[in-house]
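A.B. asks: Here you go, one structure.
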There are 2 protein chains.
Amino acid sequence: MKAVLIGLGSVGRGVAEMIVKKNPRIIITGIADSKSGCICNEGIDLKSVLERKRREGVCGDRSVTADDVIRTAEYDVLIEVTPTNASTGEPALGYIRAALARKKHVVTSNKGPLAIAYHELTTLALKNNVSLRYEATVGGAIPIMHMIEDGLCGNEILAIYGVLNGTCNYILTRMAAEGLTYEQALMEAREMGYAEADPTYDVKGIDAAIKLVILVNTIWGDGLQLSDVDLTGIDLLTPDALRLAEEEDCTIRLIAEAIPRKKILRVSPRLIEKNHPLVVDGTLNALTLETDMAKEITLIGKGAGSIETASAIIGDILYIQQHHGKRT
Amino acid sequence: MKAVLIGLGSVGRGVAEMIVKKNPRIIITGIADSKSGCICNEGIDLKSVLERKRREGVCGDRSVTADDVIRTAEYDVLIEVTPTNASTGEPALGYIRAALARKKHVVTSNKGPLAIAYHELTTLALKNNVSLRYEATVGGAIPIMHMIEDGLCGNEILAIYGVLNGTCNYILTRMAAEGLTYEQALMEAREMGYAEADPTYDVKGIDAAIKLVILVNTIWGDGLQLSDVDLTGIDLLTPDALRLAEEEDCTIRLIAEAIPRKKILRVSPRLIEKNHPLVVDGTLNALTLETDMAKEITLIGKGAGSIETASAIIGDILYIQQHHGKRT
């Protein structure tokens, strides 16, 4: 199977390294980062591209753009792993549209296009009989989409509850464990590399809400948007609130939840019993699916990381190899 | 898709009820319990069979046996849900052999045949180009096999650690929470219907070890047997041991674990940190898969129950409908 790889940041490098290391049946015929690109329909030597990127900061020719790669290379699947832009989805949205229009499968880790144009993109993929897969957008390495699609096949999903942002979970874990203030825990998270210089996107719950929108659209196909989510962040939480929770054998977690029967779609700090499966520590992610037959199924794992995200991307590519176009 | 259902105990009734209620594309053409059976190649009215079973204790004609159904009915998949016999695997082993020999798919919740004749049965299925699926044998409703097969596709699984027996987990949870002795907690488990009159199979770790053998054979294909598992039960644990664990912010769980690189294959009570994802309460089951890319992924859910097990069975049947014979 031939693929082009757009984006060579942490996730893109992780994907390239894993393809080199594990040698799955994936041939890369095009690569682009924000400054350069290369096309070789016989297959690109990923090792030397990774080496060049490390040495020179580019992966190919400065005259070759991502658009060139997507529009002219020979490939079966676009691997789109550029940074998320939550307001416009671009440039990823354009890349994905272009590949789907060429009847190419798309595998992406990019939340922007999915949150903004879910209906348009899934409709286009369906019309052109190709797959659009995005396991890596929610819960990092945790195979949530596979679980919804196959593992719980036959079940009706009644509700979902998740810890979908590792930064917030780290801050809350440290506030509870050490009695830190929000500001102290945030500073620690920054020092550990778990929080950005501007933490708004994480601590206000926006990142978790975008992931919730992607999950809800996948499960119930409602055409929902970020603006439909009732949103409260963790930035106003006090150590007192966590102490009070502790007294009840509970703790506080930023929970993203969707319960259609109660018309609930929200991200907010919730009181939760300490022995509940969703109470995970540090930067872990967790998701509970409430279903009619299997009842509650919880998945826990790493929500971020270069190789962890590559796991989800490669899983999607192999799934397309094995199953696409073969459903009855 | 046409199916025959062998076994009308708690799991079989759950499967039949869910087929009636959810109306998936499954037509039942044969049914048998231990005393009776019926065949109707145009499709059996499940509602009236369930009603008759409730009223008269039989599902059909006393002259029709399970063997008759398996050998003569028209069907695509055998649903084999008779009780587990851990020493011989029979009569289920013979049923499964007969169906596979007729080139029929098999979906089973029965641990006996898988633990005893894994290699033989999977080889026969492969030779006859049919599927043998057994999601329900390990972890009840938790889609563990789907996770191994598709969700973590591309990953190398390095080790597994699981809480695979709800009875033991209930007893240990109650001993830790209330300071009960093993005998007191066992009595409580019996009253709640979580433990059998003869609890040996559960509390000695045999049930967990059989599930471990099925998992290990599925993942690493080693042809292992129950006798290869290093086995220690929970029946000698004292409240003191649990108190000491508590002092270290730990607890004790019966952990089934396989770590090939360390040549570990064992079921034993282990000290485990209380905030570890595997520490689940009551009759829940949990499994952690350690992998090369996704790192640790933990699954938590109900390990038993009529409808929960039916969820796994129906998921397997739908998986065969959608994917069988269509892999590249």
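Every chain in the structure tokens takes a letter, A first, then B, and so on in the order presented; its residues are numbered from 1, and the ligands are numbered from 1 following the presented order.
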Taking only C-alpha atoms into account and nothing else, which residues of chain A lie no more than 8 Å away from chain B? Please answer as a VMD selection string.
C.D. replies: chain A and resid 24 141 to 143 146 to 147 150 to 155 275 to 277 280 to 281 293 to 302 307 to 312 314 to 315 318 to 319 321 to 323 326 to 328
A.B. asks: Taking the DSSP assignment computed from this structure's backbone, write out as a VMD selection string all residues of stretch 13-255 of chain B that belong to alpha helix (DSSP H).
C.D. replies: chain B and resid 13 to 22 46 to 56 66 to 72 92 to 101 111 to 127 144 to 146 166 to 178 182 to 191 200 to 203 206 to 220 239 to 247
A.B. asks: Any idea what the distance is between atom CA of B:Leu212 and atom CA of B:Arg270?
C.D. replies: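 Interatomic distance, atom CA of B:Leu212 to atom CA of B:Arg270: 15.7 Å.
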A.B. asks: Got a sec: who's within 10 Å of A:Asp67, counting only C-alpha atoms, leaving out chain neighbours fewer than 2 positions off, as a count of residues only?
C.D. replies: 15
A.B. asks: With a distance cut-off of 7 Å and only C-alpha atoms, select the neighbouring residues of B:Asn110, excluding the residue or stretch itself and same-chain residues fewer than 3 positions from it, and output the selection as a list in words.
C.D. replies: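 Residues near the query, excluding close chain neighbours: Val81, Thr82, Pro83, Thr84, Pro113 and Thr137 of chain B.
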A.B. asks: Got a sec: who's within 12 Å of A:Tyr75, counting only C-alpha atoms, leaving out chain neighbours fewer than 4 positions off, as an MDAnalysis selection string?
C.D. replies: chainID A and resid 1:5 26:31 39:43 69:71 79 99:100 102:106
A.B. asks: Residues as selected, N, CA, C and O atoms, written as a compact mmCIF listing (two decimals), in the first residue's frame, can you do that?
C.D. replies:
# COMPACT_ATOMS: atom_id res chain seq x y z
N MET A 1 0.84 -1.20 0.00
CA MET A 1 0.00 0.00 0.00
C MET A 1 0.87 1.25 0.00
O MET A 1 1.83 1.34 0.77
N LYS A 2 0.55 2.18 -0.88
CA LYS A 2 1.34 3.41 -0.98
C LYS A 2 0.68 4.54 -0.19
O LYS A 2 -0.54 4.69 -0.23
N ALA A 3 1.52 5.32 0.50
CA ALA A 3 0.99 6.41 1.31
C ALA A 3 1.85 7.65 1.15
O ALA A 3 3.04 7.56 0.86
N VAL A 4 1.22 8.82 1.33
CA VAL A 4 1.99 10.06 1.46
C VAL A 4 1.82 10.57 2.88
O VAL A 4 0.77 10.40 3.50
N LEU A 5 2.88 11.19 3.40
CA LEU A 5 2.91 11.65 4.79
C LEU A 5 3.04 13.16 4.80
O LEU A 5 4.05 13.69 4.33
N ILE A 26 3.88 -0.72 4.01
CA ILE A 26 3.51 0.65 3.66
C ILE A 26 4.70 1.29 2.95
O ILE A 26 5.79 1.36 3.50
N ILE A 27 4.47 1.74 1.70
CA ILE A 27 5.52 2.42 0.94
C ILE A 27 5.17 3.91 0.89
O ILE A 27 4.07 4.28 0.47
N ILE A 28 6.10 4.75 1.33
CA ILE A 28 5.85 6.19 1.32
C ILE A 28 6.32 6.77 -0.01
O ILE A 28 7.50 6.67 -0.35
N THR A 29 5.37 7.38 -0.74
CA THR A 29 5.71 7.92 -2.07
C THR A 29 5.79 9.45 -2.08
O THR A 29 6.17 10.03 -3.09
N GLY A 30 5.40 10.07 -0.97
CA GLY A 30 5.49 11.53 -0.89
C GLY A 30 5.54 11.97 0.55
O GLY A 30 4.92 11.34 1.42
N ILE A 31 6.31 13.03 0.81
CA ILE A 31 6.41 13.58 2.17
C ILE A 31 6.43 15.10 2.04
O ILE A 31 7.04 15.63 1.11
N ILE A 39 8.63 13.84 -3.70
CA ILE A 39 7.76 12.83 -4.31
C ILE A 39 8.65 11.79 -4.98
O ILE A 39 9.60 12.15 -5.68
N CYS A 40 8.36 10.54 -4.75
CA CYS A 40 9.07 9.47 -5.47
C CYS A 40 8.13 8.28 -5.50
O CYS A 40 7.93 7.60 -4.49
N ASN A 41 7.52 8.05 -6.66
CA ASN A 41 6.46 7.05 -6.74
C ASN A 41 6.94 5.62 -6.56
O ASN A 41 6.14 4.71 -6.38
N GLU A 42 8.26 5.42 -6.60
CA GLU A 42 8.81 4.08 -6.35
C GLU A 42 9.04 3.85 -4.87
O GLU A 42 9.35 2.72 -4.46
N GLY A 43 8.92 4.89 -4.06
CA GLY A 43 9.14 4.73 -2.62
C GLY A 43 10.32 5.54 -2.14
O GLY A 43 11.40 5.48 -2.73
N VAL A 69 2.33 17.32 -3.33
CA VAL A 69 2.40 15.90 -2.96
C VAL A 69 1.01 15.28 -3.03
O VAL A 69 0.80 14.23 -3.65
N ILE A 70 0.05 15.95 -2.40
CA ILE A 70 -1.30 15.39 -2.32
C ILE A 70 -1.96 15.28 -3.70
O ILE A 70 -2.65 14.32 -3.99
N ARG A 71 -1.69 16.26 -4.55
CA ARG A 71 -2.37 16.31 -5.85
C ARG A 71 -1.67 15.51 -6.95
O ARG A 71 -2.30 15.17 -7.95
N ILE A 79 -1.63 10.27 4.86
CA ILE A 79 -1.42 10.33 6.31
C ILE A 79 -1.25 11.80 6.66
O ILE A 79 -0.22 12.40 6.35
N ALA A 99 -7.43 15.04 -1.04
CA ALA A 99 -7.14 13.60 -1.13
C ALA A 99 -8.43 12.80 -1.32
O ALA A 99 -8.50 11.91 -2.17
N LEU A 100 -9.46 13.12 -0.55
CA LEU A 100 -10.74 12.41 -0.69
C LEU A 100 -11.30 12.61 -2.10
O LEU A 100 -11.84 11.67 -2.70
N ARG A 102 -9.64 12.95 -4.74
CA ARG A 102 -8.88 12.06 -5.63
C ARG A 102 -9.17 10.58 -5.34
O ARG A 102 -8.47 9.69 -5.82
N LYS A 103 -10.17 10.34 -4.49
CA LYS A 103 -10.54 8.96 -4.11
C LYS A 103 -9.40 8.23 -3.40
O LYS A 103 -9.13 7.05 -3.68
N LYS A 104 -8.72 8.96 -2.53
CA LYS A 104 -7.68 8.36 -1.70
C LYS A 104 -8.21 8.24 -0.27
O LYS A 104 -8.94 9.11 0.21
N HIS A 105 -7.82 7.15 0.40
CA HIS A 105 -8.14 7.04 1.82
C HIS A 105 -7.40 8.11 2.60
O HIS A 105 -6.33 8.57 2.16
N VAL A 106 -7.94 8.48 3.76
CA VAL A 106 -7.26 9.46 4.61
C VAL A 106 -7.19 8.93 6.04
O VAL A 106 -8.17 8.41 6.57
A.B. asks: Ranking B:Val58, B:Glu80, B:Val20, B:Ser87 by minimum distance to B:Cys38 and counting only C-alpha atoms, which one comes first?
C.D. replies: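 Closest to B:Cys38, using only C-alpha atoms: B:Val58.
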A.B. asks: Work out how far apart atom CA of B:Thr238 and atom CA of A:Glu246 are and give it in Å to one decimal.
C.D. replies: 28.6 Å
A.B. asks: Would you work out the distance separating atom CA of B:Asn85 from atom CA of B:Ala256, expressed in Å to one decimal?
C.D. replies: 20.4 Å
A.B. asks: Could you pull out the residues in stretch 32-81 of chain A that DSSP calls strand (DSSP E) from the backbone, as an MDAnalysis selection string?
C.D. replies: chainID A and resid 32 37:39 77:80
A.B. asks: Those residues with N, CA and C atoms, as a PDB file, in the first residue's frame please?
C.D. replies:
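Wrote selection-v7.pdb, looks like this:
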ATOM      1  N   ALA A  32       5.773  15.776   2.986  1.00  0.00           N
ATOM      2  CA  ALA A  32       5.928  17.232   3.030  1.00  0.00           C
ATOM      3  C   ALA A  32       5.864  17.722   4.458  1.00  0.00           C
ATOM      4  N   GLY A  37       9.120  19.470   0.447  1.00  0.00           N
ATOM      5  CA  GLY A  37       8.462  18.207   0.150  1.00  0.00           C
ATOM      6  C   GLY A  37       9.252  17.391  -0.855  1.00  0.00           C
ATOM      7  N   CYS A  38       8.872  16.119  -0.971  1.00  0.00           N
ATOM      8  CA  CYS A  38       9.481  15.308  -2.018  1.00  0.00           C
ATOM      9  C   CYS A  38       8.494  14.237  -2.473  1.00  0.00           C
ATOM     10  N   ILE A  39       8.629  13.843  -3.703  1.00  0.00           N
ATOM     11  CA  ILE A  39       7.757  12.827  -4.307  1.00  0.00           C
ATOM     12  C   ILE A  39       8.647  11.794  -4.984  1.00  0.00           C
ATOM     13  N   VAL A  77      -3.269   6.130   0.354  1.00  0.00           N
ATOM     14  CA  VAL A  77      -3.745   6.747   1.587  1.00  0.00           C
ATOM     15  C   VAL A  77      -2.909   7.973   1.950  1.00  0.00           C
ATOM     16  N   LEU A  78      -3.612   9.046   2.301  1.00  0.00           N
ATOM     17  CA  LEU A  78      -2.967  10.252   2.826  1.00  0.00           C
ATOM     18  C   LEU A  78      -2.859  10.122   4.345  1.00  0.00           C
ATOM     19  N   ILE A  79      -1.626  10.267   4.858  1.00  0.00           N
ATOM     20  CA  ILE A  79      -1.425  10.328   6.308  1.00  0.00           C
ATOM     21  C   ILE A  79      -1.249  11.797   6.659  1.00  0.00           C
ATOM     22  N   GLU A  80      -2.279  12.372   7.284  1.00  0.00           N
ATOM     23  CA  GLU A  80      -2.294  13.815   7.519  1.00  0.00           C
ATOM     24  C   GLU A  80      -2.049  14.053   9.006  1.00  0.00           C
TER      25      GLU A  80
END
